file work-v3.txt (compact mmCIF, C-alpha atoms)
# COMPACT_ATOMS: atom_id res chain seq x y z
CA GLY A 5 47.75 -66.44 -20.88
CA ALA A 6 49.86 -63.70 -22.34
CA GLY A 7 51.69 -63.13 -25.63
CA GLY A 8 54.44 -60.55 -25.33
CA ASP A 9 52.87 -57.46 -23.75
CA THR A 10 49.34 -58.64 -24.52
CA VAL A 11 47.26 -59.82 -21.58
CA GLN A 12 44.61 -62.09 -23.04
CA ASP A 13 40.90 -61.56 -22.34
CA SER A 14 41.39 -58.40 -20.30
CA LYS A 15 40.30 -54.77 -20.62
CA PRO A 16 42.17 -52.50 -21.09
CA LEU A 17 44.41 -54.33 -23.56
CA VAL A 18 48.01 -53.37 -24.37
CA ASP A 19 49.24 -55.09 -27.54
CA ASP A 20 52.80 -55.99 -28.55
CA ASN A 21 53.21 -52.56 -30.24
CA GLY A 22 52.35 -50.64 -27.08
CA ASN A 23 48.87 -49.60 -28.29
CA LEU A 24 46.19 -49.42 -25.63
CA SER A 25 42.61 -50.37 -26.47
CA MET A 26 39.60 -50.14 -24.20
CA GLU A 27 36.46 -51.93 -25.36
CA GLY A 28 37.43 -51.38 -29.00
CA ASN A 29 38.52 -47.72 -28.65
CA GLU A 30 42.22 -47.47 -29.40
CA ILE A 31 44.82 -44.94 -28.33
CA GLN A 32 47.97 -45.05 -30.47
CA ASP A 33 51.41 -43.60 -29.85
CA PHE A 34 50.19 -40.44 -28.12
CA THR A 35 52.07 -38.67 -25.37
CA LYS A 36 51.37 -35.59 -23.32
CA GLU A 37 54.59 -33.84 -24.09
CA ILE A 38 55.51 -30.19 -24.50
CA VAL A 39 57.24 -28.92 -27.62
CA ALA A 40 59.09 -25.61 -27.32
CA ALA A 41 60.43 -24.33 -30.65
CA ASN A 42 61.06 -21.39 -32.93
CA THR A 43 58.83 -21.36 -36.01
CA GLY A 44 60.85 -19.83 -38.82
CA ALA A 45 58.93 -19.28 -42.09
CA ASN A 46 57.25 -22.72 -41.99
CA TYR A 47 56.30 -24.91 -39.05
CA GLU A 48 54.68 -28.36 -38.97
CA ILE A 49 52.62 -29.25 -35.93
CA ASP A 50 52.74 -33.00 -35.41
CA TRP A 51 49.64 -33.88 -33.39
CA LYS A 52 51.20 -37.21 -32.45
CA VAL A 53 54.13 -35.83 -30.45
CA ALA A 54 52.60 -33.34 -28.01
CA THR A 55 49.52 -31.73 -26.50
CA LEU A 56 51.18 -28.37 -25.82
CA PHE A 57 53.24 -26.41 -28.33
CA GLU A 58 55.02 -23.29 -27.07
CA LEU A 59 56.13 -21.61 -30.28
CA THR A 60 58.20 -18.46 -30.58
CA LEU A 61 57.33 -16.69 -33.82
CA THR A 62 60.72 -15.81 -35.31
CA ASP A 63 59.09 -15.18 -38.71
CA SER A 64 55.51 -15.14 -40.01
CA PRO A 65 55.08 -18.91 -40.41
CA THR A 66 52.84 -20.98 -42.59
CA ILE A 67 51.57 -23.70 -40.28
CA THR A 68 50.91 -27.25 -41.50
CA PHE A 69 49.60 -30.30 -39.65
CA ALA A 70 50.80 -33.90 -39.47
CA ASN A 71 49.12 -36.95 -37.90
CA LEU A 72 45.63 -35.57 -37.33
CA ALA A 73 43.34 -38.07 -35.62
CA ALA A 74 39.74 -37.79 -34.47
CA GLY A 75 39.39 -36.65 -30.87
CA ARG A 76 42.89 -35.26 -30.41
CA SER A 77 43.42 -31.78 -29.02
CA ILE A 78 46.36 -29.42 -28.63
CA THR A 79 47.09 -26.06 -27.10
CA LEU A 80 49.32 -23.54 -28.87
CA ILE A 81 51.12 -20.84 -26.95
CA LEU A 82 52.33 -18.37 -29.58
CA ILE A 83 55.01 -15.93 -28.46
CA GLN A 84 56.11 -12.97 -30.54
CA ASP A 85 59.90 -12.66 -30.67
CA GLY A 86 61.66 -9.41 -29.75
CA THR A 87 60.75 -7.94 -33.13
CA GLY A 88 57.00 -8.65 -32.96
CA SER A 89 54.58 -7.97 -35.83
CA ARG A 90 54.57 -11.69 -36.76
CA THR A 91 51.45 -13.23 -38.28
CA VAL A 92 50.44 -16.85 -38.91
CA THR A 93 49.04 -18.46 -42.04
CA TRP A 94 46.79 -21.27 -40.84
CA PRO A 95 45.80 -24.52 -42.61
CA ALA A 96 42.48 -24.36 -44.48
CA SER A 97 41.27 -27.38 -42.43
CA ILE A 98 40.72 -25.18 -39.35
CA ASP A 99 37.13 -24.21 -38.67
CA TRP A 100 37.27 -20.94 -36.68
CA PRO A 101 34.27 -19.32 -34.96
CA SER A 102 32.38 -17.20 -37.50
CA ALA A 103 34.90 -18.50 -40.11
CA THR A 104 37.46 -15.93 -38.92
CA ALA A 105 40.91 -16.76 -37.58
CA PRO A 106 41.93 -14.70 -34.55
CA THR A 107 44.02 -11.60 -35.02
CA LEU A 108 47.16 -12.32 -33.03
CA SER A 109 48.79 -9.79 -30.74
CA THR A 110 51.79 -8.28 -32.51
CA GLY A 111 53.78 -6.49 -29.82
CA ALA A 112 57.30 -7.72 -29.05
CA SER A 113 57.08 -10.70 -26.65
CA ASP A 114 53.24 -10.77 -26.72
CA VAL A 115 51.68 -14.16 -25.92
CA ASP A 116 48.52 -15.66 -27.46
CA VAL A 117 46.88 -19.00 -26.61
CA ILE A 118 44.94 -21.08 -29.16
CA ASP A 119 43.17 -24.40 -28.49
CA MET A 120 42.41 -26.89 -31.27
CA PHE A 121 40.38 -30.09 -31.49
CA VAL A 122 40.08 -32.64 -34.32
CA ARG A 123 36.49 -33.52 -35.21
CA ASN A 124 35.21 -37.06 -35.63
CA ASP A 125 35.99 -36.97 -39.38
CA GLY A 126 39.71 -36.93 -38.49
CA THR A 127 40.44 -34.01 -40.81
CA THR A 128 38.50 -30.96 -39.62
CA VAL A 129 40.14 -28.96 -36.84
CA LEU A 130 38.11 -26.68 -34.59
CA GLY A 131 40.20 -23.68 -33.56
CA PHE A 132 39.50 -21.31 -30.68
CA GLU A 133 41.26 -18.24 -29.37
CA THR A 134 41.64 -18.95 -25.68
CA GLY A 135 43.51 -15.81 -24.73
CA LEU A 136 45.11 -12.98 -26.66
CA ASP A 137 47.83 -10.61 -25.42
CA MET A 138 48.47 -12.75 -22.34
CA GLY A 139 51.98 -11.55 -21.64

call {"tool": "encode", "arguments": {"input": "work-v3.txt", "output": "structure tokens"}}
result
Amino acid sequence: GAGGDTVQDSKPLVDDNGNLSMEGNEIQDFTKEIVAANTGANYEIDWKVATLFELTLTDSPTITFANLAAGRSITLILIQDGTGSRTVTWPASIDWPSATAPTLSTGASDVDVIDMFVRNDGTTVLGFETGLDMG
């Protein structure tokens, strides 16, 4: 039998809220979308809305996070605007290699790529410089 979107006694299971579970592991409201935006002085990265953020640094933003969840990952493409010399203030929850955030490229229109993963605790983010001065 079925109740709404739920197919009884089957794996994977999609419930009435659109959540998918597979043998007890649940995926909630997550899409592989791309966000393209300008940062301004502050920018919130919502881990629930995208896996790729292409952000033009129009100021030196303070980055914050929303909706962290264990196992999620994102890629940031950071693009200096025509002025360049922009920096980023990162959340303290990011664990960088050797406890040092990457030094971003600062030339006008420079492109840097950063990958991030949320650890099993659901709060610690592992951050990695994937490529600096890509463009």

call {"tool": "closest_residue", "arguments": {"input": "work-v3.txt", "among": "A:Ile78, A:Ala112, A:Thr93, A:Gly88", "to": "Gly131 of chain A", "atoms": "all atoms listed in the file"}}
result
A:Ile78

call {"tool": "residues_around", "arguments": {"input": "work-v3.txt", "residues": "Ala41 of chain A", "least_positions_apart": "6", "cutoff": "7 Å", "atoms": "only C-alpha atoms", "output": "PDB file with C-alpha atoms, in the coordinates of the input"}}
result
ATOM      1  CA  GLU A  58      55.020 -23.290 -27.070  1.00  0.00           C
ATOM      2  CA  LEU A  59      56.130 -21.610 -30.280  1.00  0.00           C
ATOM      3  CA  THR A  60      58.200 -18.460 -30.580  1.00  0.00           C
TER       4      THR A  60
END

call {"tool": "atom_distance", "arguments": {"input": "work-v3.txt", "atom1": "atom CA of Ala105 of chain A", "atom2": "atom CA of Ala45 of chain A"}}
result
18.7 Å

call {"tool": "closest_residue", "arguments": {"input": "work-v3.txt", "among": "A:Thr68, A:Ser97, A:Thr79, A:Thr110", "to": "Val129 of chain A", "atoms": "all atoms listed in the file"}}
result
A:Ser97

call {"tool": "closest_residue", "arguments": {"input": "work-v3.txt", "among": "A:Ile81, A:Ile49, A:Leu56, A:Leu130", "to": "Asp114 of chain A", "atoms": "all atoms listed in the file"}}
result
A:Ile81

call {"tool": "residues_around", "arguments": {"input": "work-v3.txt", "residues": "Glu48 of chain A", "least_positions_apart": "2", "cutoff": "7 Å", "atoms": "all atoms listed in the file", "output": "CSV table (one decimal) with C-alpha atoms, in the frame of the given file"}}
result
chain,number,residue,atom,x,y,z
A,46,ASN,CA,57.2,-22.7,-42.0
A,50,ASP,CA,52.7,-33.0,-35.4
A,67,ILE,CA,51.6,-23.7,-40.3
A,68,THR,CA,50.9,-27.2,-41.5
A,69,PHE,CA,49.6,-30.3,-39.6
A,70,ALA,CA,50.8,-33.9,-39.5

call {"tool": "closest_residue", "arguments": {"input": "work-v3.txt", "among": "A:Gly44, A:Gly22, A:Gly135, A:Gly126", "to": "Leu80 of chain A", "atoms": "only C-alpha atoms"}}
result
A:Gly135

call {"tool": "closest_residue", "arguments": {"input": "work-v3.txt", "among": "A:Ala73, A:Glu37, A:Phe57, A:Ser64", "to": "Arg90 of chain A", "atoms": "all atoms listed in the file"}}
result
A:Ser64

call {"tool": "atom_distance", "arguments": {"input": "work-v3.txt", "atom1": "atom CA of Leu72 of chain A", "atom2": "atom CA of Pro95 of chain A"}}
result
12.2 Å

call {"tool": "closest_residue", "arguments": {"input": "work-v3.txt", "among": "A:Asp137, A:Ala74, A:Gly111, A:Leu82", "to": "Arg123 of chain A", "atoms": "all atoms listed in the file"}}
result
A:Ala74

call {"tool": "atom_distance", "arguments": {"input": "work-v3.txt", "atom1": "atom CA of Phe121 of chain A", "atom2": "atom CA of Ser109 of chain A"}}
result
22.0 Å
